[in-house]
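**Q** Provided herewith: input_14.cif, mmCIF, C-alpha atoms and all ligand atoms.
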data_start
loop_
_atom_site.label_atom_id
_atom_site.label_comp_id
_atom_site.auth_asym_id
_atom_site.auth_seq_id
_atom_site.Cartn_x
_atom_site.Cartn_y
_atom_site.Cartn_z
CA MET E 202 -48.72 0.79 29.65
CA LYS E 203 -47.23 3.52 27.50
CA LYS E 204 -43.49 4.15 27.91
CA THR E 205 -43.85 7.67 29.26
CA PHE E 206 -46.12 7.80 32.25
CA PRO E 207 -48.27 10.96 32.19
CA ARG E 208 -47.61 13.56 34.88
CA GLU E 209 -51.22 14.49 35.29
CA ILE E 210 -54.80 13.78 34.34
CA THR E 211 -56.61 16.75 32.82
CA ILE E 212 -60.38 16.95 32.68
CA ILE E 213 -62.04 19.74 30.71
CA TYR E 214 -65.51 20.46 32.04
CA GLY E 215 -68.37 22.95 32.19
CA LEU E 216 -69.63 25.53 29.72
CA LYS E 217 -66.45 27.57 30.00
CA ASN E 218 -64.19 24.55 29.40
CA LYS E 219 -62.45 24.77 32.74
CA ALA E 220 -59.50 22.43 33.29
CA TYR E 221 -59.27 20.14 36.28
CA HIS E 222 -55.74 18.85 36.95
CA ILE E 223 -54.89 15.75 38.98
CA LYS E 224 -51.18 15.05 39.59
CA LEU E 225 -49.62 11.63 39.08
CA LEU E 226 -46.39 10.35 40.59
CA GLU E 227 -44.33 7.29 39.77
CA ALA E 228 -41.43 5.29 41.17
CA ARG E 229 -39.84 2.73 38.87
CA GLY E 230 -37.80 -0.24 40.02
CA LYS E 231 -34.45 -1.43 38.69
CA SER E 232 -36.15 -4.43 37.10
CA ALA E 233 -39.62 -5.62 36.12
CA GLY E 234 -41.99 -6.64 38.88
CA PRO E 235 -45.38 -6.00 40.46
CA THR E 236 -47.40 -2.83 39.90
CA VAL E 237 -48.86 -1.05 42.92
CA TRP E 238 -51.13 2.01 42.96
CA LEU E 239 -51.65 4.46 45.79
CA VAL E 240 -54.65 6.78 45.68
CA ALA E 241 -55.40 9.41 48.33
CA GLY E 242 -57.59 12.44 48.82
CA ILE E 243 -60.70 11.07 47.11
CA HIS E 244 -62.42 12.70 50.07
CA GLY E 245 -60.93 16.19 50.40
CA GLU E 246 -61.01 16.40 54.20
CA GLU E 247 -58.91 13.25 54.50
CA VAL E 248 -55.59 15.03 54.33
CA GLY E 249 -53.69 12.45 56.42
CA GLY E 250 -53.91 9.97 53.54
CA VAL E 251 -52.62 12.63 51.14
CA ALA E 252 -49.61 13.28 53.42
CA THR E 253 -48.99 9.51 53.71
CA ALA E 254 -49.00 8.98 49.92
CA ARG E 255 -46.62 11.91 49.43
CA GLU E 256 -44.31 10.66 52.19
CA ILE E 257 -44.00 7.13 50.81
CA MET E 258 -43.34 8.43 47.27
CA LYS E 259 -40.64 10.72 48.70
CA GLN E 260 -39.00 7.78 50.48
CA LEU E 261 -39.18 5.66 47.32
CA SER E 262 -37.59 8.39 45.19
CA ARG E 263 -34.75 8.65 47.72
CA LYS E 264 -34.17 4.99 48.46
CA GLY E 265 -35.25 3.54 45.13
CA LEU E 266 -37.48 0.66 44.33
CA GLU E 267 -35.95 -2.80 43.91
CA ARG E 268 -38.37 -3.91 41.21
CA GLY E 269 -41.74 -3.17 39.66
CA ALA E 270 -43.51 0.18 39.74
CA VAL E 271 -45.45 2.26 42.24
CA TYR E 272 -47.84 4.84 40.80
CA ALA E 273 -49.62 7.38 42.93
CA ILE E 274 -52.46 9.86 42.77
CA PRO E 275 -51.73 11.64 46.08
CA GLY E 276 -54.57 14.14 45.64
CA ALA E 277 -57.43 12.62 43.66
CA ASN E 278 -59.88 15.42 44.46
CA PRO E 279 -57.65 18.56 44.47
CA THR E 280 -60.27 21.31 44.81
CA ALA E 281 -61.98 19.41 47.64
CA ILE E 282 -58.57 18.96 49.35
CA SER E 283 -57.84 22.70 49.10
CA VAL E 284 -60.98 23.45 51.16
CA LYS E 285 -60.99 20.17 53.18
CA ALA E 286 -64.43 19.25 51.85
CA ARG E 287 -65.69 15.70 51.47
CA SER E 288 -67.40 16.27 48.11
CA ILE E 289 -66.22 17.87 44.86
CA PRO E 290 -66.99 21.59 45.45
CA GLU E 291 -67.83 22.25 41.78
CA SER E 292 -70.49 19.55 41.54
CA ASN E 293 -71.24 18.51 45.14
CA GLU E 294 -70.61 14.83 44.32
CA ASP E 295 -68.98 12.19 46.49
CA LEU E 296 -66.14 11.01 44.23
CA ASN E 297 -66.02 7.70 46.08
CA ARG E 298 -69.60 6.99 44.99
CA SER E 299 -68.86 7.81 41.35
CA PHE E 300 -66.77 4.81 40.23
CA PRO E 301 -66.15 3.28 37.73
CA GLY E 302 -67.24 6.59 36.22
CA LYS E 303 -68.49 7.71 32.84
CA LYS E 304 -66.67 9.49 30.00
CA ASN E 305 -69.33 12.09 29.24
CA GLY E 306 -70.99 12.05 32.64
CA SER E 307 -70.99 14.58 35.48
CA LEU E 308 -67.68 16.04 36.67
CA GLY E 309 -67.41 13.39 39.41
CA LYS E 310 -68.11 10.56 36.95
CA ARG E 311 -65.55 11.96 34.51
CA ILE E 312 -62.85 12.27 37.17
CA ALA E 313 -63.67 8.73 38.31
CA GLU E 314 -63.53 7.38 34.75
CA GLN E 315 -60.09 8.92 34.13
CA ILE E 316 -58.69 7.61 37.42
CA PHE E 317 -60.27 4.21 36.90
CA SER E 318 -58.99 3.77 33.34
CA ILE E 319 -55.40 4.90 34.01
CA ILE E 320 -55.24 2.45 36.93
CA THR E 321 -56.79 -0.51 35.09
CA GLU E 322 -54.54 0.04 32.01
CA THR E 323 -51.51 -0.85 34.13
CA LYS E 324 -53.06 -4.16 35.32
CA PRO E 325 -52.01 -3.56 38.94
CA ASN E 326 -51.29 -6.30 41.46
CA ILE E 327 -52.85 -4.16 44.17
CA VAL E 328 -54.48 -0.75 44.54
CA LEU E 329 -54.32 0.90 47.97
CA ASP E 330 -56.92 3.61 48.49
CA LEU E 331 -55.99 5.82 51.45
CA HIS E 332 -58.72 7.41 53.55
CA ASN E 333 -59.26 8.91 57.00
CA ASP E 334 -62.03 8.38 59.49
CA TRP E 335 -63.39 9.93 62.69
CA ILE E 336 -60.93 12.12 64.63
CA ALA E 337 -60.80 9.50 67.42
CA SER E 338 -60.05 6.34 65.45
CA ILE E 339 -57.26 3.83 64.97
CA PRO E 340 -55.85 3.05 61.52
CA TYR E 341 -57.30 -0.12 59.98
CA THR E 342 -57.56 -1.94 56.67
CA LEU E 343 -60.94 -2.34 55.03
CA ILE E 344 -61.79 -5.03 52.52
CA ASP E 345 -64.91 -4.95 50.35
CA PRO E 346 -67.47 -7.76 50.27
CA TYR E 347 -66.77 -10.88 48.23
CA PRO E 348 -67.65 -9.90 44.65
CA GLY E 349 -68.59 -13.44 43.55
CA LEU E 350 -66.96 -16.57 42.22
CA ARG E 351 -65.70 -14.95 39.01
CA ARG E 352 -63.65 -12.49 41.06
CA ARG E 353 -62.46 -14.95 43.66
CA LYS E 354 -58.80 -14.65 42.64
CA ALA E 355 -58.79 -10.86 43.01
CA PHE E 356 -60.58 -11.06 46.36
CA LEU E 357 -58.10 -13.59 47.76
CA ALA E 358 -55.17 -11.49 46.51
CA ALA E 359 -56.67 -8.39 48.16
CA GLU E 360 -57.22 -10.30 51.40
CA LYS E 361 -53.62 -11.54 51.41
CA ILE E 362 -52.26 -8.01 50.89
CA ALA E 363 -54.66 -6.66 53.55
CA ASN E 364 -53.09 -9.03 56.06
CA GLU E 365 -49.61 -7.79 55.10
CA THR E 366 -50.45 -4.22 56.20
CA GLY E 367 -50.27 -5.36 59.83
CA PHE E 368 -53.37 -3.34 60.71
CA VAL E 369 -56.63 -4.77 62.00
CA VAL E 370 -58.32 -6.11 58.84
CA VAL E 371 -62.03 -5.35 58.71
CA HIS E 372 -64.49 -6.83 56.22
CA GLU E 373 -67.08 -4.39 54.95
CA GLU E 374 -70.71 -5.24 55.74
CA GLU E 375 -72.45 -6.66 52.67
CA GLU E 376 -75.82 -5.04 53.26
CA THR E 377 -74.75 -1.37 53.16
CA GLU E 378 -77.42 0.90 51.67
CA GLY E 379 -77.82 0.08 47.98
CA ALA E 380 -74.50 -1.82 47.98
CA SER E 381 -72.78 1.58 47.77
CA TRP E 382 -69.39 -0.11 48.12
CA ARG E 383 -69.68 -1.07 44.43
CA LYS E 384 -69.40 2.61 43.51
CA THR E 385 -66.23 3.13 45.56
CA LEU E 386 -62.81 2.97 43.91
CA SER E 387 -61.82 -0.24 45.73
CA GLY E 388 -65.23 -1.91 45.28
CA SER E 389 -65.48 -1.14 41.57
CA LEU E 390 -61.91 -2.36 40.97
CA LEU E 391 -62.52 -5.56 42.90
CA SER E 392 -65.76 -6.30 41.07
CA ARG E 393 -63.75 -6.07 37.83
CA GLY E 394 -61.11 -8.49 39.05
CA ILE E 395 -58.45 -6.01 40.23
CA PRO E 396 -57.24 -6.48 43.83
CA ALA E 397 -57.91 -3.34 45.86
CA ILE E 398 -58.16 -2.44 49.54
CA THR E 399 -58.86 0.68 51.58
CA LEU E 400 -56.59 1.93 54.36
CA GLU E 401 -58.35 4.10 56.94
CA LEU E 402 -55.46 6.04 58.47
CA GLY E 403 -56.91 7.60 61.62
CA GLY E 404 -58.68 10.94 61.93
CA ALA E 405 -59.56 13.27 59.06
CA PHE E 406 -59.04 17.07 58.80
CA THR E 407 -55.54 17.18 60.29
CA VAL E 408 -52.23 15.52 59.49
CA ASN E 409 -51.37 13.41 62.52
CA LYS E 410 -47.69 12.40 62.43
CA THR E 411 -48.28 9.13 64.30
CA ASN E 412 -50.94 8.09 61.80
CA VAL E 413 -48.78 9.06 58.81
CA LYS E 414 -45.96 6.95 60.28
CA ALA E 415 -48.34 4.03 60.78
CA GLY E 416 -49.62 4.40 57.20
CA VAL E 417 -46.11 4.53 55.74
CA ALA E 418 -45.16 1.41 57.76
CA ALA E 419 -48.25 -0.47 56.51
CA ILE E 420 -47.60 0.43 52.86
CA TRP E 421 -43.90 -0.41 53.25
CA ASN E 422 -44.92 -3.83 54.61
CA VAL E 423 -47.06 -4.40 51.51
CA LEU E 424 -44.22 -3.40 49.16
CA ALA E 425 -41.79 -5.61 51.11
CA SER E 426 -44.17 -8.57 50.85
CA LEU E 427 -44.07 -8.09 47.05
CA LYS E 428 -40.23 -7.92 47.22
CA MET E 429 -40.31 -4.36 45.83
CA VAL E 430 -38.43 -2.88 48.81
CA ASN E 431 -36.29 -4.32 51.59
CA PRO E 432 -38.29 -5.08 54.73
CA ARG E 433 -37.98 -2.73 57.71
CA ASP E 434 -38.27 -3.92 61.25
CA THR E 435 -40.81 -1.23 62.11
CA LYS E 436 -44.11 -2.73 63.09
CA PRO E 437 -47.37 -0.90 62.47
CA LEU E 438 -48.58 0.74 65.65
CA PHE E 439 -52.08 -0.68 65.51
CA GLN E 440 -51.87 -4.40 64.93
CA THR E 441 -54.61 -7.01 65.21
CA PRO E 442 -54.82 -8.03 68.89
CA PRO E 443 -53.56 -11.66 69.22
CA LEU E 444 -56.99 -12.64 70.56
CA PHE E 445 -58.42 -12.17 67.05
CA ALA E 446 -55.68 -13.92 65.06
CA GLY E 447 -57.36 -16.00 62.36
CA ALA E 448 -60.85 -14.59 63.09
CA THR E 449 -62.86 -12.72 60.45
CA LEU E 450 -63.69 -9.25 61.73
CA THR E 451 -66.61 -7.39 60.19
CA TYR E 452 -67.38 -3.69 60.35
CA SER E 453 -70.24 -2.86 62.72
CA GLY E 454 -71.94 0.34 63.82
CA GLU E 455 -74.06 -1.51 66.38
CA PRO E 456 -75.44 -1.00 68.93
CA LYS E 457 -77.07 2.24 67.81
CA ILE E 458 -78.12 4.81 70.41
CA LYS E 459 -81.81 4.64 71.36
CA THR E 460 -82.33 7.99 73.13
CA LYS E 461 -81.59 11.69 72.75
CA GLY E 462 -78.77 13.19 74.80
CA THR E 463 -75.02 13.51 75.13
CA VAL E 464 -72.79 10.46 74.76
CA ARG E 465 -70.14 9.80 77.37
CA PHE E 466 -67.69 7.31 75.84
CA LEU E 467 -66.46 4.54 78.15
CA ALA E 468 -64.58 2.60 75.45
CA CYS E 469 -61.89 4.17 73.26
CA PRO E 470 -60.36 3.40 69.85
CA GLY E 471 -58.20 0.29 70.13
CA ASP E 472 -60.06 -1.13 73.15
CA ILE E 473 -61.25 -4.73 73.05
CA VAL E 474 -64.87 -5.12 74.14
CA LYS E 475 -67.03 -8.10 75.04
CA PRO E 476 -70.83 -8.50 74.59
CA LYS E 477 -72.86 -6.75 77.32
CA GLN E 478 -69.85 -4.70 78.40
CA ILE E 479 -70.88 -1.10 79.17
CA ILE E 480 -69.25 1.09 76.50
CA ALA E 481 -71.11 4.41 76.83
CA GLU E 482 -73.78 6.34 78.66
CA VAL E 483 -76.25 8.82 77.24
CA ILE E 484 -76.94 11.66 79.64
CA ASP E 485 -79.59 14.37 79.49
CA ALA E 486 -79.26 18.10 80.13
CA LYS E 487 -79.55 17.47 83.88
CA ARG E 488 -76.69 14.94 83.70
CA LYS E 489 -79.08 12.12 84.43
CA ILE E 490 -78.20 8.81 82.75
CA ARG E 491 -80.91 8.08 80.17
CA GLU E 492 -79.30 5.06 78.55
CA THR E 493 -76.52 2.61 79.27
CA VAL E 494 -74.96 1.40 76.03
CA LYS E 495 -73.64 -2.16 75.96
CA ALA E 496 -71.45 -3.83 73.33
CA LYS E 497 -73.27 -6.24 71.04
CA TYR E 498 -70.29 -8.25 69.80
CA THR E 499 -66.78 -9.16 70.84
CA GLY E 500 -64.52 -6.83 68.90
CA VAL E 501 -62.12 -3.91 68.67
CA VAL E 502 -63.30 -0.31 68.90
CA LEU E 503 -62.20 1.35 65.64
CA GLY E 504 -63.50 4.79 66.49
CA ASN E 505 -65.70 7.13 68.52
CA ALA E 506 -68.04 9.41 66.60
CA ASP E 507 -66.89 13.01 66.06
CA THR E 508 -69.99 14.41 67.74
CA THR E 509 -71.41 13.48 71.14
CA SER E 510 -74.95 14.75 70.42
CA ALA E 511 -76.92 11.54 70.15
CA TYR E 512 -80.39 10.73 68.88
CA PRO E 513 -82.27 7.48 68.27
CA GLY E 514 -80.40 5.55 65.56
CA PHE E 515 -77.10 7.44 66.11
CA GLU E 516 -73.94 5.40 65.54
CA ALA E 517 -71.57 6.41 68.31
CA PHE E 518 -69.01 3.67 67.63
CA ALA E 519 -67.40 1.78 64.80
CA PHE E 520 -66.23 -1.74 65.61
CA ALA E 521 -64.30 -4.55 64.00
CA ALA E 522 -66.59 -7.27 65.34
CA VAL E 523 -66.64 -11.05 65.50
CA LYS E 524 -70.17 -11.59 64.18
CA LYS E 525 -70.12 -15.36 63.69
ZN ZN F 601 -62.87 8.66 52.77
#
As structure tokens - that is how I would like this structure written.
**A**
Amino acid sequence: MKKTFPREITIIYGLKNKAYHIKLLEARGKSAGPTVWLVAGIHGEEVGGVATAREIMKQLSRKGLERGAVYAIPGANPTAISVKARSIPESNEDLNRSFPGKKNGSLGKRIAEQIFSIITETKPNIVLDLHNDWIASIPYTLIDPYPGLRRRKAFLAAEKIANETGFVVVHEEEETEGASWRKTLSGSLLSRGIPAITLELGGAFTVNKTNVKAGVAAIWNVLASLKMVNPRDTKPLFQTPPLFAGATLTYSGEPKIKTKGTVRFLACPGDIVKPKQIIAEVIDAKRKIRETVKAKYTGVVLGNADTTSAYPGFEAFAFAAVKK
């Protein structure tokens, strides 16, 4: 790492050589130690993560870091953040499907390449990518699929840190369409041997103070586990229910809705459900029940979908499920 840490990443793009600026923040410890990265706002509507990254950097600048360094990109997709859009407005790309990026590629690939290279240059101990989810969802920690024997060390390190957050730790499904997780920031880092995890910090679009507080507590726990800050006795608000201690929880969108209609949710974010438990009903325009939705696995409800208009194949719930 160069002695002076840059204050921003600049990407020149397009026929008119427009400049795209991405701000960088840093907090340096009193002595050498681990390197941690925080990235937020890769999806522009996920403003809670942006607020969380800013808040923790503010606290670190006030209270100081005991050792090591924390670097942050609090707004990785600034023009998308300014309009609360998921994709990059200029190129309509999902930045979190553009990693590890490409130097002379599309705007999204170029932004990704710059972010990816500045992070990897510092050889971080952990990269925390902050996101937000459905409006009705609890914060949780997501870990990408096992990237293979060669990356075992990084995966185990990421898993260990994930457990330090105090949130429910959810393993990503391996068979997602086209293994798209490999093109995410965390997935592409992990498959190159750099420990990385994703924190889903509650609902998108608005800054929810409770979720920001929970996110700050989770990140503080991670930094304390690396002896970079003094531990606080604040516990994250959404911990793994004791029932699941030691169990591997996997992300699940099942059961999917089979009929058309309006969903009436009977299980809420944070609820524990058992197989065959009734978790929702689908009603038609005449308020007649067309479908009774039952849980497939034992698990925790992570979120209820933002819309209640269902159709066959609709995923009304996200679960952290015990699949084995
Ligand atoms: Zn996201």
**Q** Can you find the residues with an atom no farther than 12 Å from (-83.3, 9.4, 71.7), counting only C-alpha atoms, and report them as number ranges by chain?
**A** E: 457-464, 483-485, 491-492, 510-516
**Q** Enumerate as a list in words the residues within 6 Å of ligand ZN 601 (chain F), counting all atoms listed in the file.
**A** His244, His332 and Asn333 of chain E
**Q** Which is closer to Val502 of chain E than all the others in E:Ala337, E:Ile320, E:Ala415, E:Val248, using only C-alpha atoms?
**A**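 Going through E:Ala337, E:Ile320, E:Ala415, E:Val248 one by one, the smallest distance to Val502 of chain E is for E:Ala337.
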**Q** One decimal, Å: what's the distance from atom CA of Leu427 of chain E over to atom CA of Thr449 of chain E, could you say?
**A** 23.5 Å
**Q** Could you tell me how far atom CA of Val417 of chain E lies from atom CA of Pro442 of chain E, in Å and to one decimal?
**A**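 Value for the atom CA of Val417 of chain E-atom CA of Pro442 of chain E distance: 20.2 Å.
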**Q** May I have the residues within 6 Å of Val430 of chain E as number ranges by chain, using all atoms listed in the file and disregarding those fewer than 3 positions away in the same chain?
**A** E: 266-267, 424-425
**Q** Just C-alpha atoms for this one: save the residues we selected as a PDB file, keeping the file's coordinate frame.
**A**
ATOM      1  CA  LEU E 266     -37.480   0.660  44.330  1.00  0.00           C
ATOM      2  CA  GLU E 267     -35.950  -2.800  43.910  1.00  0.00           C
ATOM      3  CA  LEU E 424     -44.220  -3.400  49.160  1.00  0.00           C
ATOM      4  CA  ALA E 425     -41.790  -5.610  51.110  1.00  0.00           C
TER       5      ALA E 425
END
**Q** If you take all atoms listed in the file and a cut-off of 10 Å, which residues of segment 289-390 of chain E touch segment 279-284 of chain E, and what are their nearest atom pairs and distances in Å to one decimal, in chain and number order, as JSON lines?
**A**
{"residue": "E:Ile289", "atom": "CA", "partner": "E:Ala281", "partner_atom": "CA", "distance": 5.3}
{"residue": "E:Pro290", "atom": "CA", "partner": "E:Ala281", "partner_atom": "CA", "distance": 5.9}
{"residue": "E:Glu291", "atom": "CA", "partner": "E:Thr280", "partner_atom": "CA", "distance": 8.2}
{"residue": "E:Asn293", "atom": "CA", "partner": "E:Ala281", "partner_atom": "CA", "distance": 9.6}
{"residue": "E:Leu296", "atom": "CA", "partner": "E:Ala281", "partner_atom": "CA", "distance": 10.0}
**Q** Restricting it to C-alpha atoms, dump the selection as a PDB file, in the frame of the given file.
**A**
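Dumped everything to result28.pdb:
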ATOM      1  CA  ILE E 289     -66.220  17.870  44.860  1.00  0.00           C
ATOM      2  CA  PRO E 290     -66.990  21.590  45.450  1.00  0.00           C
ATOM      3  CA  GLU E 291     -67.830  22.250  41.780  1.00  0.00           C
ATOM      4  CA  ASN E 293     -71.240  18.510  45.140  1.00  0.00           C
ATOM      5  CA  LEU E 296     -66.140  11.010  44.230  1.00  0.00           C
TER       6      LEU E 296
END
**Q** Between atom CA of Ile336 of chain E and atom CA of Gly504 of chain E, what is the distance, to one decimal in Å?
**A**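 Value for the atom CA of Ile336 of chain E-atom CA of Gly504 of chain E distance: 8.0 Å.
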**Q** Given the point (-59.8, 19.9, 60.8) in the coordinates of this file, which residues lie within 10 Å, counting all atoms listed in the file, and how would they look as a ChimeraX atom specification?
**A** /E:246-248,285,336,404-408
**Q** I'd like a table as a Markdown table: residues in segment 245-337 of chain E with an atom no more than 7 Å from segment 231-239 of chain E, each row giving the shortest atom pair and its distance in Å to one decimal, all atoms listed in the file counted, sorted by chain and rising residue number.
**A**
| residue | atom | partner | partner_atom | distance |
| --- | --- | --- | --- | --- |
| E:Ala254 | CA | E:Leu239 | CA | 6.7 |
| E:Leu266 | CA | E:Lys231 | CA | 6.7 |
| E:Glu267 | CA | E:Lys231 | CA | 5.6 |
| E:Arg268 | CA | E:Ser232 | CA | 4.7 |
| E:Gly269 | CA | E:Gly234 | CA | 3.6 |
| E:Ala270 | CA | E:Thr236 | CA | 4.9 |
| E:Val271 | CA | E:Val237 | CA | 4.8 |
| E:Tyr272 | CA | E:Trp238 | CA | 4.8 |
| E:Ala273 | CA | E:Leu239 | CA | 4.6 |
| E:Ile274 | CA | E:Leu239 | CA | 6.2 |
| E:Pro325 | CA | E:Thr236 | CA | 4.8 |
| E:Asn326 | CA | E:Thr236 | CA | 5.4 |
| E:Ile327 | CA | E:Val237 | CA | 5.2 |
| E:Val328 | CA | E:Trp238 | CA | 4.6 |
| E:Leu329 | CA | E:Leu239 | CA | 5.0 |
| E:Asp330 | CA | E:Leu239 | CA | 6.0 |
**Q** Do you know which residues are at most 9 Å from Gly215 of chain E counting only C-alpha atoms, after dropping those on the same chain fewer than 4 positions away, and could you put them as number ranges by chain?
**A** E: 219-220, 308
